[in-house]
$ cat my_file30.txt   # compact mmCIF, C-alpha atoms
# COMPACT_ATOMS: atom_id res chain seq x y z
CA MET A 216 -21.45 -37.22 -15.80
CA GLU A 217 -19.24 -37.77 -12.74
CA CYS A 218 -18.58 -35.46 -9.77
CA LYS A 219 -14.95 -34.90 -10.95
CA GLU A 220 -16.08 -33.68 -14.38
CA ILE A 221 -18.61 -31.38 -12.72
CA LYS A 222 -15.81 -29.60 -10.82
CA GLU A 223 -13.99 -28.80 -14.07
CA LEU A 224 -17.17 -27.38 -15.59
CA ALA A 225 -18.35 -25.60 -12.42
CA VAL A 226 -16.79 -22.19 -13.11
CA ASP A 227 -18.13 -22.05 -16.67
CA TYR A 228 -21.52 -23.26 -15.39
CA ILE A 229 -21.66 -20.56 -12.70
CA GLU A 230 -20.62 -17.90 -15.21
CA GLY A 231 -23.20 -19.19 -17.70
CA SER A 232 -20.63 -19.79 -20.44
CA LEU A 233 -21.41 -23.48 -21.06
CA ASP A 234 -23.29 -24.53 -24.20
CA THR A 235 -26.91 -25.56 -23.61
CA GLN A 236 -26.25 -29.27 -23.97
CA THR A 237 -23.41 -29.40 -21.43
CA ALA A 238 -25.30 -27.10 -19.05
CA ARG A 239 -28.24 -29.50 -19.18
CA LYS A 240 -25.91 -32.42 -18.32
CA VAL A 241 -24.65 -30.47 -15.28
CA ASP A 242 -28.24 -29.71 -14.27
CA ASP A 243 -29.11 -33.42 -14.53
CA HIS A 244 -26.13 -34.34 -12.36
CA LEU A 245 -27.01 -31.70 -9.75
CA SER A 246 -30.58 -32.93 -9.48
CA SER A 247 -29.36 -36.44 -8.74
CA CYS A 248 -26.21 -35.77 -6.60
CA ASP A 249 -26.88 -34.28 -3.14
CA LYS A 250 -23.20 -33.61 -2.43
CA CYS A 251 -22.59 -31.54 -5.57
CA ARG A 252 -25.92 -29.73 -5.18
CA ALA A 253 -24.96 -28.71 -1.63
CA GLU A 254 -21.58 -27.45 -2.88
CA PHE A 255 -23.11 -25.49 -5.76
CA SER A 256 -25.81 -23.80 -3.69
CA ASP A 257 -25.06 -20.10 -3.11
CA MET A 258 -21.80 -20.32 -5.08
CA LYS A 259 -23.31 -18.60 -8.09
CA SER A 260 -24.70 -15.69 -6.06
CA VAL A 261 -21.39 -15.22 -4.20
CA TRP A 262 -19.46 -15.33 -7.48
CA LEU A 263 -21.78 -12.84 -9.19
CA GLU A 264 -21.83 -10.55 -6.16
CA LEU A 265 -18.05 -10.12 -6.52
CA ASP A 266 -18.84 -8.12 -9.68
CA ASP A 267 -20.62 -5.52 -7.54
CA LEU A 268 -17.69 -4.81 -5.21
CA GLU A 269 -16.32 -1.34 -5.62
CA ILE A 270 -13.45 -1.01 -8.09
CA GLU A 271 -11.21 1.92 -7.27
CA LYS A 272 -9.33 3.79 -9.94
CA PRO A 273 -5.62 4.50 -9.55
CA SER A 274 -4.90 8.21 -9.05
CA ASP A 275 -3.67 10.51 -11.84
CA ASN A 276 -0.38 10.80 -9.93
CA LEU A 277 0.42 7.20 -10.80
CA LYS A 278 0.43 7.91 -14.53
CA GLU A 279 2.52 11.03 -13.98
CA ASN A 280 4.99 9.07 -11.82
CA VAL A 281 5.32 6.29 -14.39
CA GLU A 282 5.89 8.83 -17.20
CA ASN A 283 8.57 10.56 -15.11
CA MET A 284 10.12 7.20 -14.38
CA ILE A 285 10.27 6.38 -18.13
CA ASP A 286 11.91 9.77 -18.83
CA SER A 287 14.47 9.32 -16.05
CA TYR A 288 15.17 5.78 -17.20
CA ASN A 289 15.79 6.99 -20.76
CA LEU A 290 18.16 9.68 -19.51
CA GLY A 291 20.08 7.10 -17.47
CA MET A 292 20.19 4.72 -20.41
CA ASN A 293 21.67 7.38 -22.70
CA ASP A 294 24.31 8.10 -20.08
CA ASN A 295 25.23 4.44 -19.89
CA THR A 296 25.91 4.12 -23.61
CA SER A 297 28.80 6.59 -23.38
CA ALA A 298 30.24 4.95 -20.24
CA LYS A 299 32.13 2.15 -21.93
CA TRP A 300 35.61 3.60 -21.61
CA TYR A 301 36.61 0.80 -19.23
CA GLU A 302 36.01 -1.99 -21.73
CA PRO A 303 39.50 -1.81 -23.37
CA VAL A 304 41.06 -1.82 -19.87
CA VAL A 305 39.09 -4.95 -18.93
CA LYS A 306 40.16 -6.64 -22.19
CA TRP A 307 43.79 -5.70 -21.57
CA MET A 308 43.61 -7.17 -18.07
CA GLU A 309 41.96 -10.33 -19.42
CA SER A 310 44.84 -10.79 -21.85
CA TRP A 311 47.17 -11.12 -18.85
CA TRP A 312 45.14 -14.00 -17.38
CA PRO A 313 47.12 -17.27 -17.86
CA LYS A 314 45.58 -19.76 -20.28
CA ARG A 315 46.82 -23.00 -18.63
CA LEU A 316 44.89 -24.38 -15.66
CA VAL A 317 48.05 -25.15 -13.66
CA THR A 318 49.36 -21.58 -14.10
CA GLN A 319 45.91 -20.21 -13.14
CA PHE A 320 46.02 -22.30 -9.97
CA ALA A 321 49.56 -21.16 -9.14
CA ALA A 322 48.57 -17.52 -9.69
CA ALA A 323 45.56 -17.94 -7.38
CA VAL A 324 47.74 -19.50 -4.63
CA ALA A 325 50.30 -16.69 -5.00
CA VAL A 326 47.60 -14.04 -4.68
CA LEU A 327 46.20 -15.84 -1.62
CA VAL A 328 49.60 -16.01 0.09
CA ILE A 329 50.37 -12.33 -0.64
CA GLY A 330 46.88 -11.40 0.57
CA LEU A 331 47.26 -13.34 3.82
CA ALA A 332 50.71 -11.90 4.53
CA THR A 333 49.54 -8.34 3.86
CA GLY A 334 46.34 -8.88 5.83
CA LEU A 335 48.18 -10.21 8.89
CA ASN A 336 50.66 -7.35 8.72
CA ILE A 337 47.90 -4.72 8.52
CA GLY A 338 45.90 -6.59 11.18
CA GLU A 339 48.72 -6.20 13.68
CA ARG A 340 49.06 -2.49 13.06
CA THR A 341 45.36 -1.74 13.27
CA GLU A 342 44.60 -3.83 16.34
CA THR A 343 44.58 -0.78 18.62
CA LYS A 344 42.32 1.19 16.30
CA LYS A 345 39.82 -1.64 15.92
CA GLU A 346 36.98 0.01 17.85
CA ILE A 347 37.29 3.30 16.01
CA VAL A 348 37.27 1.50 12.67
CA GLN A 349 34.20 -0.48 13.73
CA LEU A 350 32.38 2.73 14.67
CA LYS A 351 33.35 4.37 11.40
CA THR A 352 32.14 1.33 9.47
CA ASP A 353 28.76 1.46 11.22
CA VAL A 354 28.39 5.15 10.42
CA ASN A 355 29.38 4.61 6.79
CA GLN A 356 27.02 1.67 6.46
CA LEU A 357 24.13 3.76 7.73
CA LYS A 358 24.98 6.55 5.33
CA GLN A 359 25.34 4.06 2.46
CA ALA A 360 21.99 2.45 3.30
CA VAL A 361 20.24 5.81 3.42
CA MET A 362 21.77 6.98 0.14
CA THR A 363 20.85 3.73 -1.58
CA SER A 364 17.27 3.96 -0.38
CA LEU A 365 17.05 7.52 -1.70
CA LEU A 366 18.54 6.92 -5.10
CA ASP A 367 17.59 3.36 -6.03
CA GLN A 368 14.09 3.00 -4.71
CA ALA A 369 11.32 3.37 -7.27
CA SER A 370 8.92 3.28 -4.32
CA VAL A 371 7.73 6.51 -2.72
CA VAL A 372 7.40 4.87 0.71
CA GLU A 373 11.05 3.71 0.62
CA ARG A 374 12.27 7.18 -0.41
CA ILE A 375 10.35 8.83 2.44
CA ARG A 376 11.65 6.21 4.88
CA GLY A 377 15.20 6.94 3.65
CA LEU A 378 14.70 10.68 4.11
CA THR A 379 13.52 10.26 7.70
CA MET A 380 16.66 8.21 8.41
CA THR A 381 18.97 11.03 7.26
CA SER A 382 18.85 12.79 10.66
CA ARG A 383 20.94 9.90 12.03
CA VAL A 384 23.69 10.25 9.45
CA LYS A 385 26.76 11.90 10.99
CA ASN A 386 29.54 12.11 8.38
CA THR A 387 27.67 14.22 5.84
CA ASP A 388 29.38 15.61 2.76
CA LYS A 389 28.49 17.56 -0.38
CA GLU A 390 27.47 14.40 -2.25
CA PHE A 391 25.02 13.56 0.56
CA TYR A 392 23.54 17.07 0.55
CA SER A 393 23.28 17.00 -3.26
CA THR A 394 21.24 13.80 -3.05
CA LEU A 395 18.76 15.39 -0.65
CA LEU A 396 18.61 18.57 -2.75
CA PHE A 397 18.12 16.50 -5.91
CA LEU A 398 15.05 14.88 -4.34
CA LEU A 399 13.78 18.27 -3.14
CA ASN A 400 14.05 19.76 -6.63
CA SER A 401 13.31 16.83 -8.91
CA ASP A 402 11.21 14.17 -7.20
CA SER A 403 7.86 13.68 -8.90
CA ASN A 404 6.05 13.03 -5.64
CA VAL A 405 5.08 16.01 -3.48
CA ASN A 406 5.26 13.99 -0.24
CA VAL A 407 8.86 13.04 -1.01
CA ARG A 408 9.70 16.71 -1.66
CA MET A 409 8.07 17.67 1.67
CA ALA A 410 10.07 14.95 3.44
CA ALA A 411 13.22 16.32 1.75
CA VAL A 412 12.51 19.79 3.24
CA ASN A 413 12.20 18.19 6.68
CA ALA A 414 15.39 16.17 6.19
CA LEU A 415 17.35 19.23 5.03
CA SER A 416 16.18 21.23 8.06
CA ASN A 417 18.70 19.16 10.08
CA PHE A 418 21.60 20.39 7.97
CA THR A 419 20.98 24.14 7.78
CA GLY A 420 24.25 24.73 9.61
CA ASN A 421 25.92 24.17 6.24
CA ALA A 422 26.23 27.28 4.02
CA TYR A 423 25.88 25.26 0.80
CA VAL A 424 22.59 23.76 2.01
CA ARG A 425 21.24 27.19 3.00
CA HIS A 426 22.18 28.67 -0.38
CA GLU A 427 20.56 25.76 -2.27
CA LEU A 428 17.38 25.96 -0.14
CA VAL A 429 16.91 29.57 -1.25
CA LYS A 430 17.52 28.57 -4.88
CA SER A 431 15.03 25.71 -4.55
CA LEU A 432 12.25 28.11 -3.54
CA ASP A 433 12.36 29.50 -7.11
CA LEU A 434 12.08 25.98 -8.60
CA GLN A 435 9.15 24.64 -6.56
CA THR A 436 5.67 24.60 -8.04
CA SER A 437 3.67 22.98 -5.24
CA PRO A 438 2.28 25.54 -2.70
CA LEU A 439 2.77 23.01 0.14
CA VAL A 440 6.48 22.68 -0.57
CA GLN A 441 6.84 26.44 -1.13
CA ILE A 442 5.25 27.18 2.28
CA SER A 443 7.42 24.64 4.13
CA LEU A 444 10.53 26.07 2.47
CA ILE A 445 9.54 29.65 3.42
CA ASP A 446 8.93 28.55 7.03
CA LEU A 447 12.30 26.81 7.13
CA LEU A 448 14.13 29.86 5.73
CA VAL A 449 12.41 32.10 8.33
CA SER A 450 13.33 29.74 11.17
CA ILE A 451 17.01 29.84 10.19
CA LYS A 452 16.82 33.59 9.47
CA GLU A 453 18.48 33.23 6.07
CA PRO A 454 19.02 36.81 4.80
CA GLU A 455 19.68 35.61 1.23
CA SER A 456 15.96 34.73 0.98
CA SER A 457 14.67 38.31 0.59
CA PRO A 458 15.08 38.71 -3.23
CA THR A 459 13.43 35.32 -3.85
CA LEU A 460 10.54 36.17 -1.51
CA ILE A 461 9.99 39.48 -3.34
CA ARG A 462 9.94 37.60 -6.66
CA LEU A 463 7.29 35.20 -5.28
CA ILE A 464 5.13 38.07 -4.03
CA ASN A 465 5.21 39.76 -7.43
CA ASP A 466 4.67 36.60 -9.48
CA PRO A 467 1.02 36.52 -10.71
CA ASP A 468 1.06 32.69 -11.00
CA ILE A 469 1.87 32.07 -7.32
CA ASN A 470 -0.84 30.76 -4.98
CA ALA A 471 -2.43 33.46 -2.73
CA HIS A 472 -1.62 31.59 0.51
CA VAL A 473 2.02 31.28 -0.51
CA LYS A 474 2.12 35.03 -1.21
CA THR A 475 0.65 35.84 2.22
CA ARG A 476 3.25 33.58 3.86
CA ALA A 477 6.05 35.14 1.78
CA LYS A 478 4.95 38.68 2.80
CA LYS A 479 4.91 37.68 6.46
CA ALA A 480 8.35 36.10 6.08
CA LEU A 481 9.74 39.17 4.34
CA ARG A 482 8.76 41.31 7.33
CA GLU A 483 11.04 39.11 9.48
CA PHE A 484 14.02 40.05 7.33
CA ILE A 485 13.37 43.81 7.07
CA MET B 1146 5.81 -4.69 -26.05
CA VAL B 1147 8.14 -5.67 -28.89
CA SER B 1148 8.58 -1.94 -29.74
CA VAL B 1149 9.41 -1.24 -26.08
CA ARG B 1150 11.97 -4.05 -26.14
CA GLU B 1151 13.54 -2.67 -29.32
CA GLY B 1152 14.12 0.68 -27.57
CA ASP B 1153 10.91 2.67 -28.13
CA THR B 1154 10.43 2.96 -24.37
CA HIS B 1155 7.79 5.69 -24.64
CA LYS B 1156 5.39 3.02 -26.00
CA LEU B 1157 5.30 1.81 -22.40
CA GLY B 1158 2.80 4.63 -21.81
CA VAL B 1159 0.34 2.82 -24.13
CA LEU B 1160 0.81 -0.41 -22.16
CA PHE B 1161 0.27 1.53 -18.95
CA ASP B 1162 -3.06 2.95 -20.21
CA ARG B 1163 -4.16 -0.55 -21.16
CA HIS B 1164 -3.12 -2.48 -18.07
CA ALA B 1165 -2.77 -0.10 -15.10
CA GLN B 1166 -6.33 -0.63 -13.85
CA GLY B 1167 -6.06 -4.45 -13.91
CA LEU B 1168 -2.70 -4.39 -12.13
CA PHE B 1169 -3.98 -1.89 -9.59
CA ASN B 1170 -6.99 -4.16 -8.88
CA TYR B 1171 -4.61 -7.14 -8.56
CA PHE B 1172 -2.64 -5.41 -5.79
CA LYS B 1173 -5.45 -3.43 -4.15
CA PHE B 1174 -7.68 -6.46 -3.58
CA GLN B 1175 -4.79 -8.35 -2.00
CA ILE B 1176 -2.86 -5.81 0.05
CA LYS B 1177 -5.74 -3.42 0.83
CA ASP B 1178 -3.57 -0.30 0.73
CA ARG B 1179 -4.23 2.11 -2.11
CA PHE B 1180 -0.87 3.93 -1.98
CA LYS B 1181 1.23 0.80 -1.67
CA SER B 1182 -0.73 -0.72 -4.54
CA GLU B 1183 0.12 2.27 -6.73
CA ASP B 1184 3.76 1.94 -5.70
CA LEU B 1185 3.74 -1.71 -6.72
CA VAL B 1186 2.12 -0.93 -10.09
CA GLN B 1187 4.92 1.57 -10.67
CA ASN B 1188 7.48 -1.07 -9.68
CA VAL B 1189 5.99 -3.47 -12.24
CA PHE B 1190 6.41 -0.92 -15.03
CA TYR B 1191 9.95 -0.21 -13.84
CA LYS B 1192 10.76 -3.94 -14.01
CA ILE B 1193 9.15 -4.17 -17.48
CA LEU B 1194 11.56 -1.46 -18.62
CA LYS B 1195 14.56 -2.94 -16.87
CA TYR B 1196 14.01 -6.52 -18.04
CA ARG B 1197 12.42 -5.76 -21.42
CA HIS B 1198 15.24 -7.59 -23.26
CA THR B 1199 14.13 -10.86 -21.59
CA PHE B 1200 10.68 -10.68 -23.23
CA LYS B 1201 10.67 -13.38 -25.90
CA ASP B 1202 9.08 -13.15 -29.36
CA GLY B 1203 5.67 -14.78 -29.41
CA ALA B 1204 5.34 -14.73 -25.60
CA ASP B 1205 2.12 -13.51 -24.04
CA PHE B 1206 2.73 -10.01 -22.69
CA LYS B 1207 -0.04 -10.10 -20.06
CA VAL B 1208 1.21 -13.41 -18.66
CA TRP B 1209 4.75 -12.03 -18.52
CA MET B 1210 3.59 -8.81 -16.85
CA TYR B 1211 1.48 -10.63 -14.24
CA ALA B 1212 4.41 -12.94 -13.49
CA ILE B 1213 6.38 -9.77 -12.59
CA ALA B 1214 3.40 -8.52 -10.56
CA ARG B 1215 3.21 -11.81 -8.63
CA ASN B 1216 6.90 -11.53 -7.74
CA GLU B 1217 6.39 -7.92 -6.61
CA LYS B 1218 3.52 -9.04 -4.39
CA ILE B 1219 5.60 -11.88 -2.88
CA ASP B 1220 8.49 -9.46 -2.21
CA TYR B 1221 6.07 -6.99 -0.64
CA PHE B 1222 4.71 -9.57 1.81
CA LYS B 1223 8.23 -10.79 2.60
CA LYS B 1224 9.54 -7.31 3.42
CA ARG B 1225 6.48 -6.18 5.37
CA ARG B 1226 7.16 -5.32 8.99
CA PRO B 1227 5.05 -6.69 11.89
CA LEU B 1228 3.53 -3.22 12.42
CA ASP B 1229 2.18 -3.18 8.86
CA LYS B 1230 0.58 -6.58 9.45
CA THR B 1231 -1.47 -5.19 12.35
CA LEU B 1232 -2.43 -2.21 10.21
CA ASP B 1233 -3.75 -4.52 7.51
CA PHE B 1234 -6.00 -6.12 10.03
CA GLU B 1235 -7.32 -2.75 11.18
CA LEU B 1236 -7.90 -1.66 7.60
CA SER B 1237 -9.69 -4.83 6.59
CA ASP B 1238 -13.09 -3.11 6.57
CA GLU B 1239 -11.81 -0.24 4.52
CA TRP B 1240 -12.92 -1.80 1.19
CA SER B 1241 -16.58 -1.39 1.96
CA GLN B 1242 -16.87 2.26 2.84
CA SER B 1243 -18.65 3.51 -0.27
CA PRO B 1244 -22.29 4.57 -0.14
CA GLU B 1245 -24.52 1.74 -1.34
CA LYS B 1246 -28.10 1.53 -2.48
CA SER B 1247 -29.58 -0.17 0.54
CA LEU B 1248 -28.49 -1.24 4.00
CA GLU B 1249 -28.87 -4.90 3.11
CA ASP B 1250 -26.81 -4.45 -0.04
CA LYS B 1251 -24.12 -2.69 1.97
CA THR B 1252 -24.04 -5.41 4.60
CA ASP B 1253 -23.73 -8.14 1.94
CA LYS B 1254 -20.80 -6.38 0.35
CA LYS B 1255 -19.19 -5.81 3.71
CA HIS B 1256 -19.53 -9.51 4.48
CA LEU B 1257 -18.18 -10.46 1.08
CA ASN B 1258 -15.21 -8.13 1.53
CA LYS B 1259 -14.53 -9.63 4.92
CA ALA B 1260 -14.82 -13.14 3.54
CA LEU B 1261 -12.38 -12.27 0.75
CA GLY B 1262 -9.95 -11.06 3.40
CA LYS B 1263 -10.32 -14.30 5.38
CA ILE B 1264 -9.72 -16.94 2.70
CA SER B 1265 -6.25 -18.32 2.01
CA PRO B 1266 -3.92 -15.91 0.13
CA ASP B 1267 -3.57 -18.39 -2.77
CA ASN B 1268 -7.32 -18.65 -3.22
CA ARG B 1269 -7.70 -14.88 -2.89
CA GLU B 1270 -5.15 -14.36 -5.65
CA LEU B 1271 -6.98 -16.78 -7.94
CA ILE B 1272 -10.30 -15.03 -7.38
CA VAL B 1273 -8.77 -11.60 -7.92
CA LEU B 1274 -7.03 -12.76 -11.11
CA SER B 1275 -10.24 -14.29 -12.48
CA LYS B 1276 -12.53 -11.42 -11.54
CA TYR B 1277 -10.63 -8.16 -11.60
CA THR B 1278 -7.70 -8.33 -14.02
CA GLY B 1279 -9.45 -9.34 -17.23
CA LEU B 1280 -7.15 -12.35 -17.65
CA PRO B 1281 -8.95 -15.31 -19.25
CA TYR B 1282 -8.51 -18.73 -17.61
CA ARG B 1283 -6.14 -19.78 -20.42
CA GLN B 1284 -3.71 -16.99 -19.45
CA ILE B 1285 -4.09 -17.61 -15.71
CA ALA B 1286 -3.24 -21.28 -16.40
CA GLU B 1287 -0.12 -20.21 -18.33
CA LEU B 1288 0.85 -17.93 -15.45
CA TYR B 1289 0.55 -20.82 -12.98
CA GLY B 1290 2.15 -23.30 -15.40
CA CYS B 1291 -0.79 -25.73 -15.47
CA THR B 1292 -3.69 -26.67 -17.72
CA GLU B 1293 -6.83 -24.59 -18.12
CA GLY B 1294 -8.89 -27.46 -16.66
CA ALA B 1295 -6.69 -27.61 -13.56
CA ILE B 1296 -6.96 -23.85 -13.03
CA LYS B 1297 -10.76 -23.99 -13.31
CA VAL B 1298 -10.89 -26.66 -10.61
CA ARG B 1299 -8.67 -24.49 -8.39
CA VAL B 1300 -10.88 -21.45 -8.99
CA TYR B 1301 -13.90 -23.61 -8.14
CA ARG B 1302 -12.26 -24.57 -4.82
CA ALA B 1303 -11.47 -20.92 -4.15
CA ILE B 1304 -15.12 -19.92 -4.69
CA LYS B 1305 -16.13 -22.77 -2.39
CA GLU B 1306 -13.88 -21.42 0.39
CA LEU B 1307 -15.18 -17.90 -0.21
CA LYS B 1308 -18.77 -19.12 0.01
CA THR B 1309 -18.09 -20.97 3.29
CA GLN B 1310 -16.45 -17.89 4.84
CA TYR B 1311 -19.19 -15.60 3.54
CA LEU B 1312 -21.99 -17.74 5.02
CA MET B 1313 -20.12 -18.00 8.31
CA ILE B 1314 -19.61 -14.21 8.55
CA ALA B 1315 -23.17 -13.48 7.49
CA GLY B 1316 -24.37 -15.96 10.12
CA ARG B 1317 -26.39 -18.01 7.67

$ encode --input "my_file30.txt" --output "structure tokens"
Amino acid sequence: MECKEIKELAVDYIEGSLDTQTARKVDDHLSSCDKCRAEFSDMKSVWLELDDLEIEKPSDNLKENVENMIDSYNLGMNDNTSAKWYEPVVKWMESWWPKRLVTQFAAAVAVLVIGLATGLNIGERTETKKEIVQLKTDVNQLKQAVMTSLLDQASVVERIRGLTMTSRVKNTDKEFYSTLLFLLNSDSNVNVRMAAVNALSNFTGNAYVRHELVKSLDLQTSPLVQISLIDLLVSIKEPESSPTLIRLINDPDINAHVKTRAKKALREFI
Amino acid sequence: MVSVREGDTHKLGVLFDRHAQGLFNYFKFQIKDRFKSEDLVQNVFYKILKYRHTFKDGADFKVWMYAIARNEKIDYFKKRRPLDKTLDFELSDEWSQSPEKSLEDKTDKKHLNKALGKISPDNRELIVLSKYTGLPYRQIAELYGCTEGAIKVRVYRAIKELKTQYLMIAGR
């Protein structure tokens, strides 16, 4: 047996999965070849010791998150099946596309010329407003990037990163607030919901946000999120909170610490 | 997997129960961060759902799934910021913090963990795939697009590098 063959058999030899005859051939080679013997020494013990390294188990949250992801995916998929209204429009537009290559080329040139002419015309008019447009674009890009990270990321880390970026977004609107509130009320991960409370604390100047924060207190199940929401509502002195706080105090299923915090908060409003 | 592809997406839960531990080991032993590893496992199942129509009849599901996992790992290392890289280094001893039977045993495992962190990423991946995912060499070979013999030689070289690092760290 040659050194090259030994290398192919080495893993099986170390793991003890070779048949007796082949294992004996490897043994014979090792007793006569110093180089291979030196290579093989200690390899078996290192390989077997890898079996004793600690194997961690993934947390129960992972399974819950994956199940939630499957449910959300199914919901999205069902929505998509009804969203095919545009197909006839696309077909109608396709029917207008010229069949001959020469005509296609001519149409492309015409579109290019019209585009250039229009572009130059608009360019002249907007020259003076260039800086403002640039600033607006930057702001919109930031907002777009944040929204995308919140809605499209399957990763918890990315969603939290997106939420911490929201304080820098300037041109907020209802759609933006709804995205944050959606995460606060529906995200499967408690850390993301906590980050959503923090993010929303920057926008409590908006009446819609304040109203939805109070509503959210009724929806939350995690004591951590409930306490942060109560603290936020106290800090902004939201009078609408009182009925919800009373409901929490009287609810037998609510965590004792949350109740204590709710009682303390209620005193601030009375 | 065929049922998942045909639209019974809730069967993905069964696949999760079967393969989550192996996938988690695959990421955890390479990126050393428990939470990021769980995130990446979730990403793999998301991709399985999203690209389920590309799974071909007669294909090996585990090979297909680990091909997705490998891409996730590559993307993760590409996107990682310099700060995270320093953190990895600081966390490199984190694997060996469980109580062990004896001091010597603990030290050996600590050295082995360190050695595993020091070898080349390609060799580390091969060792992790062979030891902690339950993939037989035939499937690892299919994943790498080479023969079973070739993969065994590569695993042999990986063990050799691990042994060298281990002996160096242990000062033997």

$ atom_distance --input "my_file30.txt" --atom1 "CA of Glu427 in chain A" --atom2 "CA of Tyr392 in chain A"
9.6 Å

$ closest_residue --input "my_file30.txt" --among "B:Asp1267, B:Tyr1282, B:Ser1275, B:Leu1307" --to "Gly1294 in chain B" --atoms "only C-alpha atoms"
B:Tyr1282

$ closest_residue --input "my_file30.txt" --among "B:Asn1170, B:Gln1284, B:Ser1265, B:Gln1175" --to "Ile1219 in chain B" --atoms "all atoms listed in the file"
B:Gln1175

$ closest_atom_pairs --input "my_file30.txt" --of "chain A" --to "chain B" --cutoff "6 Å" --atoms "only C-alpha atoms" --output "JSON lines"
{"residue": "A:Lys222", "atom": "CA", "partner": "B:Val1298", "partner_atom": "CA", "distance": 5.7}
{"residue": "A:Glu223", "atom": "CA", "partner": "B:Val1298", "partner_atom": "CA", "distance": 5.1}
{"residue": "A:Val226", "atom": "CA", "partner": "B:Tyr1301", "partner_atom": "CA", "distance": 5.9}
{"residue": "A:Ser370", "atom": "CA", "partner": "B:Asp1184", "partner_atom": "CA", "distance": 5.5}

$ atom_distance --input "my_file30.txt" --atom1 "CA of Glu483 in chain A" --atom2 "CA of Phe418 in chain A"
21.5 Å

$ atom_distance --input "my_file30.txt" --atom1 "CA of Leu395 in chain A" --atom2 "CA of Ser437 in chain A"
17.5 Å

$ closest_residue --input "my_file30.txt" --among "B:Leu1160, B:Tyr1211, B:Asp1220, B:Ala1260" --to "Thr1278 in chain B" --atoms "only C-alpha atoms"
B:Tyr1211

$ residues_around --input "my_file30.txt" --residues "Leu396 in chain A" --least-positions-apart "3" --cutoff "8 Å" --atoms "all atoms listed in the file" --output "tab-separated table (two decimals) with C-alpha atoms, in the frame of the given file"
chain	number	residue	atom	x	y	z
A	392	TYR	CA	23.54	17.07	0.55
A	393	SER	CA	23.28	17.00	-3.26
A	399	LEU	CA	13.78	18.27	-3.14
A	400	ASN	CA	14.05	19.76	-6.63
A	411	ALA	CA	13.22	16.32	1.75
A	415	LEU	CA	17.35	19.23	5.03
A	427	GLU	CA	20.56	25.76	-2.27
A	428	LEU	CA	17.38	25.96	-0.14

$ closest_residue --input "my_file30.txt" --among "A:Leu439, A:Ile451, A:Ile445, A:Leu265" --to "Lys478 in chain A" --atoms "all atoms listed in the file"
A:Ile445

$ closest_residue --input "my_file30.txt" --among "A:Ile442, A:Leu365, A:Val473, A:Val429" --to "Glu455 in chain A" --atoms "all atoms listed in the file"
A:Val429

$ residues_near_point --input "my_file30.txt" --point "(7.1, 18.3, -3.3)" --cutoff "10 Å" --atoms "only C-alpha atoms" --output "PDB file with C-alpha atoms, keeping the file's coordinate frame"
ATOM      1  CA  LEU A 398      15.050  14.880  -4.340  1.00  0.00           C
ATOM      2  CA  LEU A 399      13.780  18.270  -3.140  1.00  0.00           C
ATOM      3  CA  ASN A 400      14.050  19.760  -6.630  1.00  0.00           C
ATOM      4  CA  SER A 401      13.310  16.830  -8.910  1.00  0.00           C
ATOM      5  CA  ASP A 402      11.210  14.170  -7.200  1.00  0.00           C
ATOM      6  CA  SER A 403       7.860  13.680  -8.900  1.00  0.00           C
ATOM      7  CA  ASN A 404       6.050  13.030  -5.640  1.00  0.00           C
ATOM      8  CA  VAL A 405       5.080  16.010  -3.480  1.00  0.00           C
ATOM      9  CA  ASN A 406       5.260  13.990  -0.240  1.00  0.00           C
ATOM     10  CA  VAL A 407       8.860  13.040  -1.010  1.00  0.00           C
ATOM     11  CA  ARG A 408       9.700  16.710  -1.660  1.00  0.00           C
ATOM     12  CA  MET A 409       8.070  17.670   1.670  1.00  0.00           C
ATOM     13  CA  ALA A 410      10.070  14.950   3.440  1.00  0.00           C
ATOM     14  CA  ALA A 411      13.220  16.320   1.750  1.00  0.00           C
ATOM     15  CA  VAL A 412      12.510  19.790   3.240  1.00  0.00           C
ATOM     16  CA  GLN A 435       9.150  24.640  -6.560  1.00  0.00           C
ATOM     17  CA  THR A 436       5.670  24.600  -8.040  1.00  0.00           C
ATOM     18  CA  SER A 437       3.670  22.980  -5.240  1.00  0.00           C
ATOM     19  CA  PRO A 438       2.280  25.540  -2.700  1.00  0.00           C
ATOM     20  CA  LEU A 439       2.770  23.010   0.140  1.00  0.00           C
ATOM     21  CA  VAL A 440       6.480  22.680  -0.570  1.00  0.00           C
ATOM     22  CA  GLN A 441       6.840  26.440  -1.130  1.00  0.00           C
ATOM     23  CA  SER A 443       7.420  24.640   4.130  1.00  0.00           C
TER      24      SER A 443
END

$ closest_residue --input "my_file30.txt" --among "B:Ile1176, B:Met1210, B:Ala1303, B:Ala1315" --to "Ile1193 in chain B" --atoms "only C-alpha atoms"
B:Met1210
